[in-house]
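Next comes query.pdb, with PDB, C-alpha atoms.
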ATOM      1  CA  MET A 512      57.442 -24.124 -27.796  1.00  0.00           C
ATOM      2  CA  ALA A 513      54.717 -25.155 -25.374  1.00  0.00           C
ATOM      3  CA  SER A 514      51.878 -27.329 -26.624  1.00  0.00           C
ATOM      4  CA  SER A 515      48.438 -25.848 -27.137  1.00  0.00           C
ATOM      5  CA  LEU A 516      47.199 -27.959 -24.231  1.00  0.00           C
ATOM      6  CA  SER A 517      49.795 -26.606 -21.819  1.00  0.00           C
ATOM      7  CA  GLN A 518      49.158 -23.051 -23.037  1.00  0.00           C
ATOM      8  CA  GLY A 519      45.427 -23.577 -22.534  1.00  0.00           C
ATOM      9  CA  ILE A 520      45.957 -24.895 -19.013  1.00  0.00           C
ATOM     10  CA  GLU A 521      48.180 -21.965 -18.085  1.00  0.00           C
ATOM     11  CA  ALA A 522      45.679 -19.474 -19.506  1.00  0.00           C
ATOM     12  CA  ALA A 523      42.825 -21.142 -17.599  1.00  0.00           C
ATOM     13  CA  LYS A 524      44.810 -21.086 -14.352  1.00  0.00           C
ATOM     14  CA  SER A 525      45.442 -17.371 -14.938  1.00  0.00           C
ATOM     15  CA  GLY A 526      41.734 -16.697 -15.435  1.00  0.00           C
ATOM     16  CA  GLN A 527      42.105 -15.906 -19.144  1.00  0.00           C
ATOM     17  CA  MET A 528      39.244 -18.117 -20.276  1.00  0.00           C
ATOM     18  CA  GLU A 529      38.886 -16.824 -23.837  1.00  0.00           C
ATOM     19  CA  GLN A 530      42.578 -17.413 -24.467  1.00  0.00           C
ATOM     20  CA  ALA A 531      42.368 -20.810 -22.751  1.00  0.00           C
ATOM     21  CA  LEU A 532      39.461 -21.801 -24.984  1.00  0.00           C
ATOM     22  CA  ALA A 533      41.372 -20.778 -28.115  1.00  0.00           C
ATOM     23  CA  HIS A 534      44.403 -22.851 -27.114  1.00  0.00           C
ATOM     24  CA  LEU A 535      42.278 -25.838 -26.147  1.00  0.00           C
ATOM     25  CA  LYS A 536      40.456 -25.715 -29.489  1.00  0.00           C
ATOM     26  CA  ASP A 537      43.871 -25.923 -31.154  1.00  0.00           C
ATOM     27  CA  ALA A 538      44.733 -28.813 -28.839  1.00  0.00           C
ATOM     28  CA  ILE A 539      41.677 -30.737 -30.081  1.00  0.00           C
ATOM     29  CA  VAL A 540      43.092 -30.586 -33.595  1.00  0.00           C
ATOM     30  CA  GLU A 541      46.615 -31.482 -32.426  1.00  0.00           C
ATOM     31  CA  GLU A 542      45.702 -34.187 -29.905  1.00  0.00           C
ATOM     32  CA  PRO A 543      42.082 -35.336 -30.383  1.00  0.00           C
ATOM     33  CA  GLU A 544      42.728 -38.567 -28.450  1.00  0.00           C
ATOM     34  CA  ASN A 545      44.211 -36.812 -25.403  1.00  0.00           C
ATOM     35  CA  ALA A 546      41.623 -37.053 -22.614  1.00  0.00           C
ATOM     36  CA  ASP A 547      43.216 -34.133 -20.758  1.00  0.00           C
ATOM     37  CA  VAL A 548      42.172 -31.773 -23.562  1.00  0.00           C
ATOM     38  CA  TRP A 549      38.525 -32.778 -23.138  1.00  0.00           C
ATOM     39  CA  VAL A 550      38.649 -32.566 -19.332  1.00  0.00           C
ATOM     40  CA  TRP A 551      40.102 -29.057 -19.439  1.00  0.00           C
ATOM     41  CA  LEU A 552      37.513 -27.974 -22.003  1.00  0.00           C
ATOM     42  CA  ALA A 553      34.767 -29.272 -19.735  1.00  0.00           C
ATOM     43  CA  ALA A 554      36.303 -27.377 -16.829  1.00  0.00           C
ATOM     44  CA  ILE A 555      36.186 -23.984 -18.526  1.00  0.00           C
ATOM     45  CA  ILE A 556      32.926 -24.257 -20.483  1.00  0.00           C
ATOM     46  CA  GLU A 557      29.782 -23.027 -18.734  1.00  0.00           C
ATOM     47  CA  ASP A 558      27.345 -24.990 -20.919  1.00  0.00           C
ATOM     48  CA  GLU A 559      26.418 -28.119 -18.948  1.00  0.00           C
ATOM     49  CA  ASP A 560      25.407 -30.066 -22.049  1.00  0.00           C
ATOM     50  CA  LYS A 561      28.813 -29.426 -23.599  1.00  0.00           C
ATOM     51  CA  GLN A 562      30.516 -30.315 -20.313  1.00  0.00           C
ATOM     52  CA  THR A 563      28.777 -33.688 -20.391  1.00  0.00           C
ATOM     53  CA  ILE A 564      29.801 -34.290 -23.998  1.00  0.00           C
ATOM     54  CA  PHE A 565      33.421 -33.376 -23.307  1.00  0.00           C
ATOM     55  CA  LEU A 566      33.628 -35.534 -20.194  1.00  0.00           C
ATOM     56  CA  LYS A 567      32.106 -38.498 -22.017  1.00  0.00           C
ATOM     57  CA  LYS A 568      34.650 -37.950 -24.783  1.00  0.00           C
ATOM     58  CA  SER A 569      37.473 -38.005 -22.233  1.00  0.00           C
ATOM     59  CA  LEU A 570      36.199 -41.252 -20.709  1.00  0.00           C
ATOM     60  CA  GLY A 571      35.791 -42.818 -24.121  1.00  0.00           C
ATOM     61  CA  ASP A 572      39.343 -41.922 -25.059  1.00  0.00           C
ATOM     62  CA  ARG A 573      40.743 -43.413 -21.842  1.00  0.00           C
ATOM     63  CA  SER A 574      38.858 -46.673 -22.293  1.00  0.00           C
ATOM     64  CA  GLN A 575      40.487 -47.171 -25.692  1.00  0.00           C
ATOM     65  CA  GLN A 576      44.033 -46.847 -24.333  1.00  0.00           C
TER      66      GLN A 576
END
Could you express the structure from this file as structure tokens?
Amino acid sequence: MASSLSQGIEAAKSGQMEQALAHLKDAIVEEPENADVWVWLAAIIEDEDKQTIFLKKSLGDRSQQ
């Protein structure tokens, strides 16, 4: 079974943004420390404030590794 992150990425690449968002929300629960989850969320969200938050979260996670 594919991870929620990989399902979210595939959905986003296919233009299915609502489905991508649902999978990526699941991925946050499954892998909250995975920076890729936050980067992909930032990529598909239109809200610039949320994009900034998600990108900062991804950078914070990488600096702790």
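Counting from atom CA of Lys536 of chain A, the distance to atom CA of Lys567 of chain A is 17.0 Å.
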Discussion item. Report, in Å to a single decimal, how far apart atom CA of Met528 of chain A and atom CA of Ile555 of chain A are.
Written reply: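 Separation between atom CA of Ile555 of chain A and atom CA of Met528 of chain A: 6.8 Å.
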Practice prompt. Please indicate the distance in Å from atom CA of Phe565 of chain A to atom CA of Ala553 of chain A, rounded to one decimal place.
Written response: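 For atom CA of Phe565 of chain A relative to atom CA of Ala553 of chain A, the distance reads 5.6 Å.
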Item to complete: With the file shown as input, list the residues that the PyMOL selection byres ((chain A and resi 514-518) around 9) selects, as a list in words.
Response: Met512, Ala513, Gly519, Ile520, Glu521, Ala522, Ala523, Gln530, Ala531, Ala533, His534, Leu535, Lys536, Asp537, Ala538, Ile539, Glu541, Glu542, Asp547, Val548 and Trp551 of chain A
Discussion item. I'd like the contact shell of Leu566 of chain A - 8 Å cut-off, only C-alpha atoms, skipping same-chain residues fewer than 4 positions apart - returned as a list in words.
Written reply: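 My list of contacting residues is Trp549, Val550, Ala553, Gln562 and Leu570 of chain A.
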